[in-house]
Each structure stands twice: as C-alpha cells, then as structure tokens.
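Here is the structure we will look at.
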Amino acid sequence: MTALWGAVLLAGLACLAIKLAGHVLPEHWLAQPRVARVAALVTVALLSALVAVQAATDGGRVVLDARLPALAVAAVALVLRAPFVVVVLLAAATAAGLRLLGMP
C-alpha cells in the first residue's frame with residue numbers, strides 16, 4: 001500500500017512540475033506549431049488509451065463483454081454526427097440489451 005501512495009504522490013508532483021513548466025517556459029516556445037500539434041496528439045492518445053483500458057479489461061485481464069459492442073455503436077453514432085446525449089443513450093441501450101441477452 002505504501003508503494004501505491006508513493007506512486008500517487010510522484011504522479012501528482014510530476015503533474016505539478018509539468019503545469020509549472022508551462023508557466024515558466026517562454027511563450028514563444030509554446031506557440032510553435034510543432035509543440036501545439038504534439039500537445040494535441042498526446043491528449044488524444046491518452047484519452048484513447050483510457051477508453052481502451054476501461055472498455056476491454058477487467059482486473060488486469062482482457063475481456064470481451066457488452067462494453068465493446070456498446071463502444072462500437074457509440075463510435076458509429078459519433079461518425080454519423082449524432083448529438084452526444086444520443087451517443088451515450090445508444091451505447092447504454094446496446095450494453096443493457098446485450099447483458100439482458102446474457103452477454104457478460
């Protein structure tokens with residue numbers, strides 16, 4: 001448990017250092033197109049990784065359950081430019097329907 005809290009503290013300090021670096025670095029460094037592009041790509045990559053881990057794993061194991069088809073339905077709805085509330089409702093209905101049919 002001590003190692004876990006140490007990791008949490010270390011991650012918090014790393015986030016704080018990155019935040020402070022954004023205020024300390026000269027503005028012209030951060031205004032470069034390459035830096036802005038990398039920052040945007042890192043954000044997308046981290047969010048994608050979070051979605052993948054939450055949708056396809058359970059207790060450190062890869063699982064195939066109702067979350068993956070629900071995520072696929074949500075992705076299709078987003079591609080079709082459905083409103084966000086509709087995307088969430090479609091994904092929830094898909095997962096609920098598949099679980100009702102016996103899919104874990």
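By order in the structure tokens, chains are A, B, ...; within a chain, residues start at 1; ligands start at 1, following the order shown.
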If you run DSSP on this backbone, which residues of stretch 40-81 of chain A come out as strand (DSSP E or B), and could you give them as JSON, numbers by chain?
{"A": [57, 58, 61, 62]}
Store the residues picked out above in a file with N, CA, C and O atoms, as a short mmCIF file (atom, residue, chain, number, x, y, z; two decimals), in the first residue's frame.
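Saved the output as out_28.cif:
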```cif
data_model
loop_
_atom_site.label_atom_id
_atom_site.label_comp_id
_atom_site.auth_asym_id
_atom_site.auth_seq_id
_atom_site.Cartn_x
_atom_site.Cartn_y
_atom_site.Cartn_z
N THR A 57 -10.77 -4.29 -20.48
CA THR A 57 -10.08 -5.00 -19.43
C THR A 57 -10.93 -5.06 -18.17
O THR A 57 -11.80 -4.23 -17.95
N ASP A 58 -10.64 -6.08 -17.38
CA ASP A 58 -11.30 -6.23 -16.09
C ASP A 58 -10.32 -6.93 -15.15
O ASP A 58 -9.96 -8.09 -15.39
N ARG A 61 -7.13 -8.25 -16.85
CA ARG A 61 -7.31 -9.24 -17.93
C ARG A 61 -8.09 -8.60 -19.08
O ARG A 61 -8.96 -7.77 -18.85
N VAL A 62 -7.77 -9.00 -20.29
CA VAL A 62 -8.54 -8.56 -21.45
C VAL A 62 -9.82 -9.38 -21.50
O VAL A 62 -9.78 -10.62 -21.42
#
```
Work out how far apart atom CA of A:Ala92 and atom CA of A:Ala66 are and give it in Å to one decimal.
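Spanning atom CA of A:Ala92 to atom CA of A:Ala66 is a straight-line distance of 9.7 Å.
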May I have all residues of chain A that DSSP, computed from the backbone, assigns to alpha helix (DSSP H), given as a PyMOL selection string?
chain A and resi 2-24+27-30+33-56+67-79+84-100
As an exercise, work out the distance from atom CA of A:Ala56 to atom CA of A:Pro69 in Å and give it to one decimal place.
10.5 Å
Find the spatial neighbours of A:Gly97, counting only C-alpha atoms, within a cut-off of 12 Å - ignore same-chain residues fewer than 5 positions away - and output them as a list in words.
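Listing them by chain and then by number gives Ala66, Arg67, Pro69, Ala70, Leu89, Leu90, Ala91, Ala92, Gly102, Met103 and Pro104 of chain A.
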Can I get the selected residues back with C-alpha atoms, as a compact mmCIF listing (two decimals), in the first residue's frame?
```
# COMPACT_ATOMS: atom_id res chain seq x y z
CA ALA A 66 -21.01 -5.91 -23.69
CA ARG A 67 -18.81 -2.82 -23.36
CA PRO A 69 -20.12 -3.53 -28.88
CA ALA A 70 -21.51 -0.54 -26.98
CA LEU A 89 -28.05 6.64 -24.78
CA LEU A 90 -27.36 4.36 -27.77
CA ALA A 91 -24.24 2.93 -26.12
CA ALA A 92 -26.05 2.38 -22.82
CA GLY A 102 -26.85 -12.99 -21.43
CA MET A 103 -23.59 -11.39 -22.61
CA PRO A 104 -21.36 -10.59 -19.62
```
Selection: 12 Å around A:Val88, only C-alpha atoms, excl. self and same-chain fewer than 6 positions, as a list of chain:residue names:
A:Ala70, A:Leu71, A:Ala72, A:Val73, A:Ala74, A:Ala75, A:Val76, A:Ala77, A:Leu78, A:Ala82, A:Thr94, A:Ala95
Would you mind exporting C-alpha atoms of the selected residues as a JSON list (two decimals), in the first residue's frame?
```
[["chain", "number", "residue", "atom", "x", "y", "z"],
["A", 70, "ALA", "CA", -21.51, -0.54, -26.98],
["A", 71, "LEU", "CA", -18.30, 1.35, -27.72],
["A", 72, "ALA", "CA", -18.57, 0.39, -31.40],
["A", 73, "VAL", "CA", -22.16, 1.68, -31.51],
["A", 74, "ALA", "CA", -21.03, 4.92, -29.89],
["A", 75, "ALA", "CA", -18.21, 5.29, -32.43],
["A", 76, "VAL", "CA", -20.61, 4.81, -35.34],
["A", 77, "ALA", "CA", -23.04, 7.33, -33.85],
["A", 78, "LEU", "CA", -20.20, 9.83, -33.47],
["A", 82, "ALA", "CA", -25.27, 12.26, -33.57],
["A", 94, "THR", "CA", -26.67, -1.53, -26.53],
["A", 95, "ALA", "CA", -24.80, -2.66, -23.41]]
```
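With atom CA of A:Val51 on one side and atom CA of A:Arg99 on the other, the separation reads 19.8 Å.
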